[in-house]
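As structure tokens, the structure follows; a few thoughts come after it.
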Protein chains: 2
Amino acid sequence: MSRKTDYHMTPDEFRAYGRQVVDWIADYYEWVESKPVLPGIEPGEIRAGLPEHPPEQGEAFEHILADVDRLIMPGLTHWQSPNFMAYFPSNVSFPSILGEMMAAGMGQQGMVWKTSPAATELETHVMEWLVDLLDLPAAWKSNGVIQDTASSATLCALLAARERVTGGEGNRSGVPGSLVAYTSDQAHSSIQKAARIAGIGDERMRLIPTDGHMRIDAAALQAAIRADRAAGLTPFFVCAAVGTTASMAVDPVREVVRVADGCWVHVDAAMAGTAALCPEFRWIHDGLEEADSYCFNPHKWMFTNFDCNAFWVRDRKALLDALSILPEYLRTAEHESGAAIDYRDWQIPLGRRFRALKLWFVLRHYGAEGLRHHVREHVRLAESFEAKVKAHRDFDLVVPRNLNLVCLTHRRGDAFTERLLHAVNDTGRLYLSHAKLRGRFTIRVSIGGRDQQQRHVDMAWNLIEQTARSLSG
Amino acid sequence: MSRKTDYHMTPDEFRAYGRQVVDWIADYYEWVESKPVLPGIEPGEIRAGLPEHPPEQGEAFEHILADVDRLIMPGLTHWQSPNFMAYFPSNVSFPSILGEMMAAGMGQQGMVWKTSPAATELETHVMEWLVDLLDLPAAWKSNGVIQDTASSATLCALLAARERVTGGEGNRSGVPGSLVAYTSDQAHSSIQKAARIAGIGDERMRLIPTDGHMRIDAAALQAAIRADRAAGLTPFFVCAAVGTTASMAVDPVREVVRVADGCWVHVDAAMAGTAALCPEFRWIHDGLEEADSYCFNPHKWMFTNFDCNAFWVRDRKALLDALSILPEYLRTAEHESGAAIDYRDWQIPLGRRFRALKLWFVLRHYGAEGLRHHVREHVRLAESFEAKVKAHRDFDLVVPRNLNLVCLTHRRGDAFTERLLHAVNDTGRLYLSHAKLRGRFTIRVSIGGRDQQQRHVDMAWNLIEQTARSLSG
């Protein structure tokens, strides 16, 4: 009847289908380990199963759900499988999924305080909790905001730096051709992309060489900054990486800040930051109190659904000066009085989801203790994997293991290592990705999935080792 | 036991709590209409209820759910109430919530094809369906991508335009100080913000005057472009609005394109685009086939949870040239061969959620027929409201109604209209927002919520009219 009058699904239908979807999700986590991690399909295969034209009449929801299994499932790469050790962990948890569900139901739009006081204030609050949990500089409290990704956080930091150094001239009349930004040759591609977007450009984005541990060479950074200043240019931004993508290298933040000569120093700890939950890993943040901004991704290693990047700035005003824009239709009394935070001024887009809810669920469900347990366990698993690599005469560690990432090559060289990677991935039993480190084709084994245990890591090693032997024939 | 060993919620616990959350959501939609739309709290009240420090030990999920009702609910602004007529509809639907739930469970990360073929190909597919459904230019098929918001889509369009006109010079060495962008004085603040971010700046972002219907004055645009060219500057980007924020005005796209003189023309139909589901409203897109890019927000008026912006470009290569960056660790065989789409090159961030799933659910559940029914009904409701305003001697329409938005003032003037707005909102029975139109303080009545019916619109009118009478004493 409801469909006939207004096409909406009724609340009771939603209760029924909602249960089915909940069960579908629970089932998924129960069987995902048993399935090939990669779907093993060719581009175009998923689309080939879909009808060319959209339906004129609505369809029964049972059909839609059945089509998820029939048409969509065959095209999933199983990021949540414990046999996924590619790229980085993107570890989801049930409490976080429940948070996403509830946020979707609430349908909040938290662009300004007034349009969702709860979304705004819970966000401020959990971001302060994270300052406690990671032992970040206390002065950052109240200066945190959730971004979608580290890419966006970096862009915001770079824009704040740009406007600080130009006194707002960038926003008023464009970007002077003298500004220079710095990061290491191991930094994430999003740093360079942010510099392009913000009107700096590749030519004034210096990629500083790294040392034997793939960490930025602070002396080379200092020399580059001095040379640019001597040439009449304006160094304004340095991005340090705490946990590089290729090898999880940790730049020496204290040294970077010391030589940065007034540049805005942004610290990108997208992957590694979560480790600071544990006091024994807090060395990764040494020197952080002098940095200008910082971010890490709860959506990587902290059981929170993508997207959720946690971003702080030391000087809130610099960020707001760069990103605020206030049309009449968004003016509110709470903004005018300064009593409330309007997070639209802390990010690139205007609209924003209620992301703090899932983060709150995760922090409360696990507690600091539960989160630390998993970080320690993941690092221990990576250690155990590293030990096997070290003990085997055919494999080399390209760099010493950092936290939860092991980088290895086969002694037969790049071509063999690449063949090995593809052969391992083709089994469907494991998914690994690669990087180039010191010019060598390197297999990355990234630990940190929600359900990864010793047996998964052992299986991974055995599979790699056996596959290498069989390829060596 | 599970908690003791690894702190995770078990699948069976998730089944149980998932049901509770599903019921919570269904309940919410059953009672939200009866509650004040605005929470009526002061900044700081929500935070005051939250513990200062994060929990050391994990907490029972029952407590967390109870705290949602106790601590979070009092701070929600009820965007999903049929009495919410502020800003714009952000209409959620049950099928879309189910899509969000399932996407959260799948935990896909669709940055490149290989990391989620299903997320990638379903996105391409539903974006083609939308070309059919809105009768957009057929040449755009395969050139669509989902962005988080129209703000981001605009920024991407502006960057593509910047790189096209500079031949890639912007990305290589920075933004020339000669580039000039244009939009109307009614355009959304995100256009100006994008110009700041991309290194253009306010001084070279021309806000062209509008006509009596708040549409961009094409002759004035042409004159501005000509004057800038004569002054040796380089006009490169025009943003036309199809449905301005303040008054839902529709810029004459055909005229804009005609006078744009080679500029990249981006059409921002964030709010109004959904209307093109219905042939009788497709006049809003007249001339679109000559535009370079276009976006609208299924997350506003098309029953799809925020965030979901649908963005197309005419020339895919121009977008990719502006936004592609390819580090070694993201190289895949499918990318090298050109067989697959890697959507990370179509947006600002690297990571991306599986947003296409909820959109697919919505399109299939409602069908074209169901979506058209609601758009027509919402416009009819707005017409009925407009008729009451017209018939009343104390109120004026500031501009003729456009689609689902009615803009009114009280004849006693700005101060009275503003008092009226606040008095109405203070009742909690209705939430309206405002704009300045032709210098006048204007109340905006925005129709388009999922459950809005005649009785809600009648109630809104009666409340406004009675409140005005009582304030008039």
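Every chain in the structure tokens has a letter given in the order shown (A, B, ...), and although residue numbers restart at 1 in each chain, ligands are simply numbered from 1 in the order shown.
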So which residues touch range 60-72 of chain A within 9 Å, counting only C-alpha atoms, skipping near sequence neighbours fewer than 6 positions away, as an MDAnalysis selection string? (chainID A and resid 17 20:21 46:47 49:50) or (chainID B and resid 95 117:119 122 360:361 364:365)
Determine, counting only C-alpha atoms, which protein, DNA and RNA residues have an atom within 9 Å of an atom of range 104-109 of chain A; residues of the same chain fewer than 6 positions away are not included. Present the result as number ranges by chain. A: 115-116, 119, 351-354; B: 22, 24-26, 28-29, 76-80, 90-94, 96-98, 100-101, 305-306
Residues of range 46-223 of chain B in alpha helix (DSSP H), written as a PyMOL selection string: chain B and resi 46-48+61-67+94-106+117-133+150-166+169-173+189-197+218-223
Please provide as a ChimeraX atom specification all residues within 7 Å of Ala240 in chain B, with the sequence filter that same-chain residues fewer than 3 positions apart are discarded (counting only C-alpha atoms). /B:183,251,253,266-268
Write out as number ranges by chain which residues come within 7 Å of Glu56 in chain B when counting only C-alpha atoms, dropping same-chain ones fewer than 6 positions away. A: 367-369
What is the distance, in Å and to one decimal place, between CA of Ser81 in chain A and CA of Leu430 in chain A? 9.1 Å
Please list as an MDAnalysis selection string every residue within 9 Å of range 200-206 of chain B, counting only C-alpha atoms and excluding residues in the same chain fewer than 5 positions away. (chainID A and resid 169:175 199) or (chainID B and resid 175:185 191:195 221 224)
Take the residues from that selection and put them in a file with C-alpha atoms, as a PDB file, in the first residue's frame.
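Result file is part.pdb:
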```
ATOM      1  CA  GLU A 169      47.328  37.747  -0.098  1.00  0.00           C
ATOM      2  CA  GLY A 170      46.847  34.301  -1.675  1.00  0.00           C
ATOM      3  CA  ASN A 171      43.128  34.340  -1.076  1.00  0.00           C
ATOM      4  CA  ARG A 172      42.845  37.978  -2.124  1.00  0.00           C
ATOM      5  CA  SER A 173      44.892  38.119  -5.255  1.00  0.00           C
ATOM      6  CA  GLY A 174      46.528  34.812  -6.021  1.00  0.00           C
ATOM      7  CA  VAL A 175      49.645  32.900  -5.103  1.00  0.00           C
ATOM      8  CA  GLY A 199      48.866  26.927  -6.927  1.00  0.00           C
TER       9      GLY A 199
ATOM     10  CA  VAL B 175      49.193  29.824 -11.301  1.00  0.00           C
ATOM     11  CA  PRO B 176      49.679  32.827 -13.588  1.00  0.00           C
ATOM     12  CA  GLY B 177      48.363  36.061 -12.137  1.00  0.00           C
ATOM     13  CA  SER B 178      46.363  36.702 -15.296  1.00  0.00           C
ATOM     14  CA  LEU B 179      43.631  34.071 -14.932  1.00  0.00           C
ATOM     15  CA  VAL B 180      40.115  35.336 -14.303  1.00  0.00           C
ATOM     16  CA  ALA B 181      37.033  33.414 -13.183  1.00  0.00           C
ATOM     17  CA  TYR B 182      33.380  34.445 -13.253  1.00  0.00           C
ATOM     18  CA  THR B 183      30.170  33.609 -11.528  1.00  0.00           C
ATOM     19  CA  SER B 184      27.095  35.522 -10.451  1.00  0.00           C
ATOM     20  CA  ASP B 185      26.680  37.538  -7.294  1.00  0.00           C
ATOM     21  CA  ILE B 191      32.760  28.922  -6.010  1.00  0.00           C
ATOM     22  CA  GLN B 192      34.689  31.752  -4.431  1.00  0.00           C
ATOM     23  CA  LYS B 193      36.276  29.342  -1.965  1.00  0.00           C
ATOM     24  CA  ALA B 194      37.419  27.108  -4.830  1.00  0.00           C
ATOM     25  CA  ALA B 195      38.978  30.108  -6.571  1.00  0.00           C
ATOM     26  CA  LEU B 221      29.230  38.596 -18.196  1.00  0.00           C
ATOM     27  CA  ALA B 224      33.364  41.614 -18.161  1.00  0.00           C
TER      28      ALA B 224
END
```
